[in-house]
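Engineer: The structure's right below; bear with me while I get my questions together.
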Amino acid sequence: MRKLLLLALTSAAVAQQPLRHAEGHPDYGLPTAKATWLPYADDAEHCCNRIWRAIYLTECVPSEVGGAMPAEHDNSKEFYVAGWYFKKRKGEPRDRKWFGGDGRQMPAEGFDAAGEQALLKALREVDGDIVTQLKLRPRAAVWLQHDLLRLGRRLLRTKQNPALLQPLHECVQRIALPRKVLLSSAVRTATATEIARHVEGFDFKDSIEVQRRSSRLFDAEYVQLWSSIYLATPNTHAEATASWLTAGKRRTPLPMHTVALLVQGIVAVDDAGMPCATDLVIEARTQRLTNRLPLAFDNPTTTRDGVDFAMWSLPRRAVRDLDASVTAVPFAKFRAIDMASQELFRDYGSRKHTTYAAQCTLCHRRTNGPDEAIAGFSAVRLSSKPQPAQPRERREQAEREMLRFLDKLRGK
């Protein structure tokens with residue numbers, strides 16, 4: 001009896017272990033080493049959990065460490081000057097730690113021989129009853145498929161573990177759902193309309209969706225996601241925002257307090273092997289022009305020069321047990337990401353360890369950028385060729401982009 005009690009207490013302690021380091025910790029936002037993540041099943045050794053751990057939890061030395069990390073600068077007032085977001089150094093053995101977790105950033109680059117064999121074994125186990133049970137939870141099936149496809153994309157880029165590509169693709173097809181299911185409410189999470197209700201100063205009916213040239217970070221060939229950006233300028237209707245967007249070189253500077261809402265959802269592969277843009281939204285972001293004061297430590301915005309960001313990410317754990325009868329997932333299930341927290345931003349190039357604020361500021365700062373008049377709202381840059389989007393235009397474009405990736409994966 002005493003043995004059973006000790007086992008129960010030990011299990012409870014494991015279950016209560018925080019998944020990420022809390023605010024105030026030197027590794028704020030990074031995964032804790034002893035945390036037990038259960039994204040796909042209650043059993044930590046379930047094959048789907050083992051696959052996920054191999055992809056999304058990695059102990060490594062980052063290639064670069066950003067200067068925005070609290071331990072990297074002595075005086076914040078002196079640090080936040082022009083170019084603060086570019087400051088970095090090469091990673092060293094002392095920087096080795098755990099990265100990843102249940103979110104968007106995937107730290108894996110490849111696997112040694114033992115890691116490859118372990119992943120192959122787990123992939124083979126995703127069959128029979130495992131597949132049957134997974135398909136009864138369609139959101140989990142779509143999300144696991146997305147994880148497999150993202151790994152395939154990463155391995156194509158790093159040119160590592162070619163022996164994994166065919167098994168990855170075969171597993172993708174075993175858990176694929178019919179297109180009818182993928183287009184139904186069975187996989188829906190929070191819609192853009194619902195998310196917009198939680199964004200201060202943003203009225204969805206007065207916004208416009210922006211069609212633009214996809215950068216690599218928003219091209220489904222590379223990220224396996226569709227993305228929609230909704231733009232709202234203050235105290236105006238959608239028609240006025242559309243007129244501003246399409247005025248070309250005659251555009252006035254972006255109005256103060258303009259807000260952009262980015263929503264991203266999974267492009268799945270159906271049981272016929274074709275891409276299908278689903279309503280499984282997994283991330284939302286906002287960008288807001290708060291002020292045009294000079295760049296300075298005491299400019300209380302994300303970029304320190306007037307632009308604010310907010311991000312929300314839906315944990316797999318929040319939806320893993322939902323069956324097809326659940327027709328939506330409230331936005332309250334999404335995890336708000338503190339811009340001061342840390343991540344390993346491998347999706348943006350190298351394994352760079354920095355803060356969300358620094359990573360976002362690189363491309364979306366107001367000052368010292370390509371066009372200060374549009375305050376870092378890169379989707380409306382003239383070179384992006386912005387136009388009002390037609391209904392479903394962005395999703396159909398993402399499906400075409402995704403098909404290019406699938407053709408490359410099938411060819412391996």
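Residues in the structure tokens are named by chain (A, B, ... in the order shown) and by number from 1 within that chain; ligands are numbered from 1 in the order shown.
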When DSSP is applied to the backbone of this structure, which of stretch 161-298 of chain A are assigned strand (DSSP E or B)? Write them out as an MDAnalysis selection string.

Structural biologist: chainID A and resid 177 208:211 225:232 259:270 275:289

Engineer: Since we have the selection now, will you write its residues out, keeping N, CA and C atoms, as a short mmCIF file (atom, residue, chain, number, x, y, z; two decimals), in the first residue's frame?

Structural biologist:
data_model
loop_
_atom_site.label_atom_id
_atom_site.label_comp_id
_atom_site.auth_asym_id
_atom_site.auth_seq_id
_atom_site.Cartn_x
_atom_site.Cartn_y
_atom_site.Cartn_z
N LEU A 177 -7.80 12.35 -43.49
CA LEU A 177 -9.26 12.32 -43.40
C LEU A 177 -9.88 12.70 -44.74
N ILE A 208 -10.61 44.81 -43.71
CA ILE A 208 -10.53 44.14 -45.01
C ILE A 208 -9.44 43.07 -44.94
N GLU A 209 -9.68 41.97 -45.63
CA GLU A 209 -8.62 40.97 -45.74
C GLU A 209 -7.68 41.39 -46.85
N VAL A 210 -6.38 41.22 -46.60
CA VAL A 210 -5.37 41.70 -47.54
C VAL A 210 -4.79 40.55 -48.34
N GLN A 211 -4.92 40.64 -49.64
CA GLN A 211 -4.21 39.71 -50.53
C GLN A 211 -2.86 40.35 -50.86
N LEU A 225 0.68 26.08 -43.75
CA LEU A 225 -0.41 26.85 -43.16
C LEU A 225 -0.96 27.83 -44.16
N TRP A 226 -2.25 28.13 -44.07
CA TRP A 226 -2.80 29.29 -44.77
C TRP A 226 -2.74 30.47 -43.80
N SER A 227 -2.69 31.66 -44.33
CA SER A 227 -2.65 32.83 -43.46
C SER A 227 -3.52 33.93 -44.04
N SER A 228 -4.31 34.55 -43.18
CA SER A 228 -5.15 35.68 -43.58
C SER A 228 -4.81 36.87 -42.70
N ILE A 229 -4.62 38.02 -43.34
CA ILE A 229 -4.37 39.27 -42.60
C ILE A 229 -5.55 40.21 -42.81
N TYR A 230 -6.10 40.69 -41.70
CA TYR A 230 -7.23 41.62 -41.74
C TYR A 230 -6.72 42.97 -41.23
N LEU A 231 -6.97 44.01 -41.99
CA LEU A 231 -6.47 45.34 -41.66
C LEU A 231 -7.64 46.25 -41.32
N ALA A 232 -7.50 46.99 -40.21
CA ALA A 232 -8.54 47.95 -39.81
C ALA A 232 -7.88 49.27 -39.44
N VAL A 259 -4.67 48.60 -36.85
CA VAL A 259 -4.44 47.25 -36.31
C VAL A 259 -4.51 46.24 -37.45
N ALA A 260 -3.57 45.30 -37.46
CA ALA A 260 -3.62 44.16 -38.37
C ALA A 260 -3.78 42.90 -37.56
N LEU A 261 -4.69 42.03 -37.97
CA LEU A 261 -4.90 40.73 -37.32
C LEU A 261 -4.49 39.63 -38.29
N LEU A 262 -3.54 38.81 -37.88
CA LEU A 262 -3.09 37.66 -38.67
C LEU A 262 -3.66 36.39 -38.05
N VAL A 263 -4.29 35.56 -38.87
CA VAL A 263 -4.83 34.28 -38.43
C VAL A 263 -4.23 33.19 -39.31
N GLN A 264 -3.74 32.11 -38.68
CA GLN A 264 -3.11 31.02 -39.43
C GLN A 264 -3.77 29.69 -39.09
N GLY A 265 -4.04 28.90 -40.12
CA GLY A 265 -4.66 27.60 -39.93
C GLY A 265 -3.97 26.53 -40.77
N ILE A 266 -4.23 25.28 -40.45
CA ILE A 266 -3.52 24.16 -41.06
C ILE A 266 -4.07 23.82 -42.45
N VAL A 267 -3.14 23.63 -43.40
CA VAL A 267 -3.48 23.05 -44.70
C VAL A 267 -3.18 21.55 -44.58
N ALA A 268 -4.23 20.76 -44.49
CA ALA A 268 -4.08 19.31 -44.32
C ALA A 268 -3.97 18.62 -45.67
N VAL A 269 -3.75 17.32 -45.63
CA VAL A 269 -3.76 16.48 -46.83
C VAL A 269 -4.91 15.51 -46.69
N ASP A 270 -5.80 15.47 -47.68
CA ASP A 270 -6.97 14.59 -47.57
C ASP A 270 -6.61 13.15 -47.95
N PRO A 275 -4.07 18.70 -51.02
CA PRO A 275 -4.11 19.69 -49.93
C PRO A 275 -5.50 20.26 -49.72
N CYS A 276 -5.81 20.55 -48.46
CA CYS A 276 -7.12 21.09 -48.11
C CYS A 276 -6.95 22.08 -46.96
N ALA A 277 -7.28 23.34 -47.19
CA ALA A 277 -7.20 24.37 -46.15
C ALA A 277 -8.36 24.19 -45.18
N THR A 278 -8.05 23.93 -43.92
CA THR A 278 -9.06 23.62 -42.92
C THR A 278 -9.36 24.84 -42.04
N ASP A 279 -10.38 24.68 -41.19
CA ASP A 279 -10.72 25.72 -40.20
C ASP A 279 -10.01 25.48 -38.87
N LEU A 280 -8.95 24.66 -38.88
CA LEU A 280 -8.20 24.40 -37.66
C LEU A 280 -7.16 25.53 -37.50
N VAL A 281 -7.61 26.63 -36.94
CA VAL A 281 -6.75 27.79 -36.68
C VAL A 281 -5.91 27.50 -35.45
N ILE A 282 -4.59 27.70 -35.56
CA ILE A 282 -3.71 27.39 -34.44
C ILE A 282 -2.93 28.60 -33.93
N GLU A 283 -2.97 29.71 -34.65
CA GLU A 283 -2.22 30.87 -34.16
C GLU A 283 -2.88 32.16 -34.64
N ALA A 284 -2.79 33.19 -33.79
CA ALA A 284 -3.28 34.52 -34.14
C ALA A 284 -2.27 35.55 -33.63
N ARG A 285 -2.11 36.63 -34.39
CA ARG A 285 -1.20 37.70 -34.00
C ARG A 285 -1.83 39.05 -34.34
N THR A 286 -1.50 40.05 -33.57
CA THR A 286 -1.90 41.41 -33.94
C THR A 286 -0.68 42.30 -33.97
N GLN A 287 -0.75 43.29 -34.85
CA GLN A 287 0.25 44.36 -34.93
C GLN A 287 -0.51 45.67 -34.86
N ARG A 288 -0.02 46.58 -34.02
CA ARG A 288 -0.74 47.82 -33.76
C ARG A 288 0.23 49.00 -33.77
N LEU A 289 -0.14 50.06 -34.50
CA LEU A 289 0.65 51.28 -34.47
C LEU A 289 0.18 52.12 -33.29
#

Engineer: I'd like the contact shell of A:Lys87 - 8 Å cut-off, only C-alpha atoms, skipping same-chain residues fewer than 5 positions apart - returned as a list in words.

Structural biologist: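 Within the cut-off, the hits are Gly66, Gly67 and Ala68 of chain A.
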
Engineer: Mind giving me the straight-line distance from atom CA of A:Ala108 to atom CA of A:Glu45 in Å, one decimal?

Structural biologist: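 Atom CA of A:Glu45 lies 19.2 Å from atom CA of A:Ala108.
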
Engineer: From a backbone DSSP assignment, name each residue in stretch 20-235 of chain A labelled alpha helix (DSSP H), as a count of residues only.

Structural biologist: 78

Engineer: Neighbours of A:Arg139 within 7 Å (only C-alpha atoms; same-chain residues fewer than 2 positions away dropped), as number ranges by chain?

Structural biologist: A: 137, 141-143, 187, 319-320

Engineer: Name all residues at most 10 Å from A:Met339 (count only C-alpha atoms; drop same-chain ones fewer than 6 positions away) and give them as a list of chain:residue names.

Structural biologist: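 Everything that qualifies: A:Gly29, A:Thr302, A:Asp308, A:Phe309, A:Ala310, A:Met311, A:Thr355, A:Tyr356, A:Ala357, A:Ala358, A:Gln359, A:Cys360.
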
Engineer: Determine, counting only C-alpha atoms, which protein, DNA and RNA residues have an atom within 12 Å of an atom of A:Ala240; residues of the same chain fewer than 2 positions away are not included. Present the result as a ChimeraX atom specification.

Structural biologist: /A:206-208,231-238,242-247,251,255,388

Engineer: Contacts of A:Arg94 at 12 Å or less, counting only C-alpha atoms, minus same-chain residues fewer than 5 places along, as a ChimeraX atom specification?

Structural biologist: /A:60-62,65

Engineer: Those selected residues, please, written with N, CA and C atoms and delivered as an mmCIF file, in the first residue's frame.

Structural biologist:
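This is the output file part.cif:
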data_model
loop_
_atom_site.group_PDB
_atom_site.id
_atom_site.type_symbol
_atom_site.label_atom_id
_atom_site.label_comp_id
_atom_site.auth_asym_id
_atom_site.auth_seq_id
_atom_site.Cartn_x
_atom_site.Cartn_y
_atom_site.Cartn_z
ATOM 1 N N CYS A 60 19.879 21.477 -27.087
ATOM 2 C CA CYS A 60 20.936 21.810 -28.044
ATOM 3 C C CYS A 60 21.609 23.132 -27.677
ATOM 4 N N VAL A 61 22.711 23.401 -28.361
ATOM 5 C CA VAL A 61 23.382 24.695 -28.278
ATOM 6 C C VAL A 61 22.853 25.542 -29.428
ATOM 7 N N PRO A 62 22.262 26.692 -29.162
ATOM 8 C CA PRO A 62 21.771 27.528 -30.262
ATOM 9 C C PRO A 62 22.914 28.027 -31.139
ATOM 10 N N VAL A 65 22.764 33.660 -30.069
ATOM 11 C CA VAL A 65 22.045 34.146 -28.894
ATOM 12 C C VAL A 65 21.835 35.645 -29.074
#

Engineer: Set the distance at 7 Å and use only C-alpha atoms: which residues neighbour A:Arg365 once local chain neighbours fewer than 5 positions away are removed? I'd like the list as a compact mmCIF listing (two decimals) with C-alpha atoms, in the first residue's frame.

Structural biologist:
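Below is the file out38.txt, written as the result:
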# COMPACT_ATOMS: atom_id res chain seq x y z
CA THR A 303 9.57 47.53 -30.89
CA VAL A 307 4.64 49.27 -32.74
CA ALA A 375 5.31 51.48 -39.71
CA GLY A 376 6.54 47.94 -40.21
